[in-house]
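Asks: Have a peek at start_16.pdb (PDB, C-alpha atoms).
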ATOM      1  CA  MET A   1      -2.360   8.453  -8.355  1.00  0.00           C
ATOM      2  CA  ALA A   2      -1.002  11.165  -6.085  1.00  0.00           C
ATOM      3  CA  ALA A   3       2.777  11.573  -6.004  1.00  0.00           C
ATOM      4  CA  GLN A   4       2.979  10.590  -2.333  1.00  0.00           C
ATOM      5  CA  SER A   5       1.004   7.401  -2.951  1.00  0.00           C
ATOM      6  CA  ALA A   6       3.150   6.506  -5.941  1.00  0.00           C
ATOM      7  CA  GLN A   7       6.263   7.120  -3.869  1.00  0.00           C
ATOM      8  CA  GLN A   8       4.904   4.918  -1.055  1.00  0.00           C
ATOM      9  CA  THR A   9       4.074   2.158  -3.552  1.00  0.00           C
ATOM     10  CA  LEU A  10       7.591   2.269  -5.010  1.00  0.00           C
ATOM     11  CA  LYS A  11       9.072   2.148  -1.516  1.00  0.00           C
ATOM     12  CA  SER A  12       6.965  -0.908  -0.697  1.00  0.00           C
ATOM     13  CA  VAL A  13       8.027  -2.661  -3.914  1.00  0.00           C
ATOM     14  CA  GLY A  14      11.678  -1.843  -3.182  1.00  0.00           C
ATOM     15  CA  GLU A  15      11.394  -3.328   0.315  1.00  0.00           C
ATOM     16  CA  SER A  16       9.758  -6.478  -1.085  1.00  0.00           C
ATOM     17  CA  ILE A  17      12.484  -6.966  -3.716  1.00  0.00           C
ATOM     18  CA  THR A  18      15.232  -6.400  -1.134  1.00  0.00           C
ATOM     19  CA  SER A  19      13.613  -9.013   1.111  1.00  0.00           C
ATOM     20  CA  TYR A  20      13.264 -11.431  -1.814  1.00  0.00           C
ATOM     21  CA  ASN A  21      16.938 -10.992  -2.724  1.00  0.00           C
ATOM     22  CA  GLY A  22      17.890 -11.783   0.873  1.00  0.00           C
ATOM     23  CA  LEU A  23      15.773 -14.939   0.761  1.00  0.00           C
ATOM     24  CA  VAL A  24      17.414 -16.028  -2.504  1.00  0.00           C
ATOM     25  CA  LYS A  25      20.857 -15.717  -0.888  1.00  0.00           C
ATOM     26  CA  ALA A  26      19.646 -17.707   2.135  1.00  0.00           C
ATOM     27  CA  TYR A  27      18.180 -20.329  -0.245  1.00  0.00           C
ATOM     28  CA  TYR A  28      21.555 -20.891  -1.904  1.00  0.00           C
ATOM     29  CA  ARG A  29      23.094 -21.296   1.569  1.00  0.00           C
ATOM     30  CA  LYS A  30      20.415 -24.000   2.192  1.00  0.00           C
ATOM     31  CA  GLU A  31      18.882 -21.965   5.057  1.00  0.00           C
ATOM     32  CA  VAL A  32      15.340 -21.588   3.693  1.00  0.00           C
ATOM     33  CA  ASP A  33      13.023 -23.201   1.147  1.00  0.00           C
ATOM     34  CA  LYS A  34      12.908 -21.793  -2.379  1.00  0.00           C
ATOM     35  CA  PRO A  35      11.349 -18.294  -2.245  1.00  0.00           C
ATOM     36  CA  SER A  36       8.743 -17.070  -4.702  1.00  0.00           C
ATOM     37  CA  LEU A  37       8.563 -13.603  -6.222  1.00  0.00           C
ATOM     38  CA  PRO A  38       6.406 -11.100  -4.328  1.00  0.00           C
ATOM     39  CA  LYS A  39       2.794 -10.973  -5.500  1.00  0.00           C
ATOM     40  CA  TYR A  40       1.290  -7.523  -5.817  1.00  0.00           C
ATOM     41  CA  ARG A  41      -2.076  -8.163  -7.445  1.00  0.00           C
ATOM     42  CA  LYS A  42      -4.980 -10.404  -6.660  1.00  0.00           C
ATOM     43  CA  ARG A  43      -6.489 -12.597  -9.362  1.00  0.00           C
ATOM     44  CA  SER A  44      -9.320 -10.108  -9.693  1.00  0.00           C
ATOM     45  CA  GLY A  45      -6.793  -7.488 -10.820  1.00  0.00           C
ATOM     46  CA  LEU A  46      -7.004  -5.410  -7.637  1.00  0.00           C
ATOM     47  CA  ALA A  47      -3.813  -4.076  -6.103  1.00  0.00           C
ATOM     48  CA  ALA A  48      -3.164  -2.517  -2.705  1.00  0.00           C
ATOM     49  CA  VAL A  49      -2.309   1.167  -2.656  1.00  0.00           C
ATOM     50  CA  SER A  50      -0.973   2.934   0.427  1.00  0.00           C
ATOM     51  CA  PHE A  51      -1.973   6.504   1.116  1.00  0.00           C
ATOM     52  CA  PRO A  52      -0.049   8.632   3.617  1.00  0.00           C
ATOM     53  CA  LYS A  53      -2.098  10.555   6.179  1.00  0.00           C
ATOM     54  CA  GLN A  54      -1.547  13.808   4.249  1.00  0.00           C
ATOM     55  CA  ALA A  55      -3.187  12.336   1.147  1.00  0.00           C
ATOM     56  CA  LEU A  56      -6.473  11.501   2.895  1.00  0.00           C
ATOM     57  CA  THR A  57      -9.379  13.818   3.532  1.00  0.00           C
ATOM     58  CA  TRP A  58     -12.014  13.066   6.191  1.00  0.00           C
ATOM     59  CA  LYS A  59     -15.399  14.312   4.969  1.00  0.00           C
ATOM     60  CA  ASN A  60     -18.968  13.276   5.826  1.00  0.00           C
ATOM     61  CA  GLY A  61     -17.753  10.263   7.817  1.00  0.00           C
ATOM     62  CA  CYS A  62     -15.617   8.849   4.991  1.00  0.00           C
ATOM     63  CA  PHE A  63     -11.992   8.917   3.899  1.00  0.00           C
ATOM     64  CA  TYR A  64     -11.337  10.321   0.452  1.00  0.00           C
ATOM     65  CA  PRO A  65      -7.872   9.903  -1.079  1.00  0.00           C
ATOM     66  CA  SER A  66      -6.169  12.619  -3.093  1.00  0.00           C
ATOM     67  CA  VAL A  67      -6.277  11.388  -6.677  1.00  0.00           C
ATOM     68  CA  SER A  68      -5.754  12.858 -10.117  1.00  0.00           C
ATOM     69  CA  ASN A  69      -8.624  14.434 -12.045  1.00  0.00           C
ATOM     70  CA  GLU A  70      -8.827  11.355 -14.297  1.00  0.00           C
ATOM     71  CA  THR A  71      -9.627   9.066 -11.372  1.00  0.00           C
ATOM     72  CA  LYS A  72     -12.865   9.090  -9.446  1.00  0.00           C
ATOM     73  CA  PRO A  73     -12.326   9.071  -5.686  1.00  0.00           C
ATOM     74  CA  HIS A  74     -13.579   5.945  -3.948  1.00  0.00           C
ATOM     75  CA  ARG A  75     -14.472   5.589  -0.299  1.00  0.00           C
ATOM     76  CA  PHE A  76     -11.791   3.792   1.662  1.00  0.00           C
ATOM     77  CA  PHE A  77     -13.286   3.986   5.127  1.00  0.00           C
ATOM     78  CA  CYS A  78     -16.830   4.832   5.947  1.00  0.00           C
ATOM     79  CA  GLY A  79     -18.492   4.261   9.245  1.00  0.00           C
ATOM     80  CA  GLY A  80     -18.901   7.509  11.093  1.00  0.00           C
ATOM     81  CA  VAL A  81     -15.975   6.971  13.488  1.00  0.00           C
ATOM     82  CA  ALA A  82     -12.499   8.181  12.597  1.00  0.00           C
ATOM     83  CA  PRO A  83      -9.616   5.863  13.441  1.00  0.00           C
ATOM     84  CA  ALA A  84      -7.276   6.941  16.238  1.00  0.00           C
ATOM     85  CA  PHE A  85      -4.608   8.323  13.894  1.00  0.00           C
ATOM     86  CA  MET A  86      -7.064  10.917  12.574  1.00  0.00           C
ATOM     87  CA  HIS A  87      -7.510  12.231  16.118  1.00  0.00           C
ATOM     88  CA  GLY A  88      -3.757  12.485  16.664  1.00  0.00           C
ATOM     89  CA  GLY A  89      -3.706   9.462  18.991  1.00  0.00           C
TER      90      GLY A  89
END
Would you write out, as C-alpha cells, the structure that this file holds?

Replies:
Amino acid sequence: MAAQSAQQTLKSVGESITSYNGLVKAYYRKEVDKPSLPKYRKRSGLAAVSFPKQALTWKNGCFYPSVSNETKPHRFFCGGVAPAFMHGG
C-alpha cells in the first residue's frame, strides 16, 4: 500500500474512533442508543481503501493506483470517461 493511502486509511480510522468515543459519552448521558464499534471489513474480507488523487494514474481509460511491487494493481474505475475531478472540475 502506498504511504499516502496508508496515511488516509489511518486518518479515516482515527475519525471513526473519535466519533465512536463521542457516541459512547452521549450514550452514558442517555442521549443516544448504545453505539457499536466501527466496522471496517465486509464478511467477504474486503476492506475499503482510499487513494488520494496523486496516487492514481489514468491510463487506457482506467484508474490504476500506486501500489508496492508486491501487489498487483487492480482496476478501480474503467469506463472510458474520466470523472470530473480528473479534469480539474

Asks: If we count all atoms listed in the file and set the cut-off at 9 Å, which residues sit around region 33-46 of chain A, ignoring sequence neighbours fewer than 6 positions away in its own chain? Please answer as number ranges by chain.

Replies: A: 13, 16-17, 20, 23-24, 26-27

Asks: Of the residues A:Gly61, A:Val49, A:Arg29, A:Ser66, which is the one nearest to Lys11 (chain A), using all atoms listed in the file?

Replies: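 Among the listed residues, the smallest separation from Lys11 (chain A) belongs to A:Val49.
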
Asks: How many Å separate CA of Ala55 (chain A) from CA of Gln8 (chain A)?

Replies: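 If I compute the distance from CA of Ala55 (chain A) to CA of Gln8 (chain A), I get 11.2 Å.
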
Asks: For a test of reading the model, state the distance in Å between CA of Ala6 (chain A) and CA of Lys25 (chain A), rounded to one decimal.

Replies: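 Result for CA of Ala6 (chain A) versus CA of Lys25 (chain A): 28.9 Å, one decimal.
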
Asks: Interatomic distance between CA of Phe51 (chain A) and CA of Ser19 (chain A)?

Replies: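 Value for the CA of Phe51 (chain A)-CA of Ser19 (chain A) distance: 22.0 Å.
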
Asks: Kindly list the centre and edge lengths in Å, rounded to one decimal, for the axis-aligned box that covers all listed atoms of region 34-53 of chain A plus 5 Å on each of its six sides, as AutoDock Vina command-line options.

Replies:
--center_x 1.8 --center_y -5.6 --center_z -2.3 --size_x 32.2 --size_y 42.3 --size_z 27.0

Asks: Report as a PyMOL selection string all protein, DNA and RNA residues lying within 12 Å of Thr9 (chain A), evaluated on all atoms listed in the file, omitting residues in the same chain fewer than 5 positions from it.

Replies: chain A and resi 1-4+14-16+40+47-52

Asks: Could you write out that same residue set with C-alpha atoms as a CSV table (one decimal), in the frame of the given file?

Replies:
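Dumped everything to out20.csv:
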chain,number,residue,atom,x,y,z
A,1,MET,CA,-2.4,8.5,-8.4
A,2,ALA,CA,-1.0,11.2,-6.1
A,3,ALA,CA,2.8,11.6,-6.0
A,4,GLN,CA,3.0,10.6,-2.3
A,14,GLY,CA,11.7,-1.8,-3.2
A,15,GLU,CA,11.4,-3.3,0.3
A,16,SER,CA,9.8,-6.5,-1.1
A,40,TYR,CA,1.3,-7.5,-5.8
A,47,ALA,CA,-3.8,-4.1,-6.1
A,48,ALA,CA,-3.2,-2.5,-2.7
A,49,VAL,CA,-2.3,1.2,-2.7
A,50,SER,CA,-1.0,2.9,0.4
A,51,PHE,CA,-2.0,6.5,1.1
A,52,PRO,CA,0.0,8.6,3.6
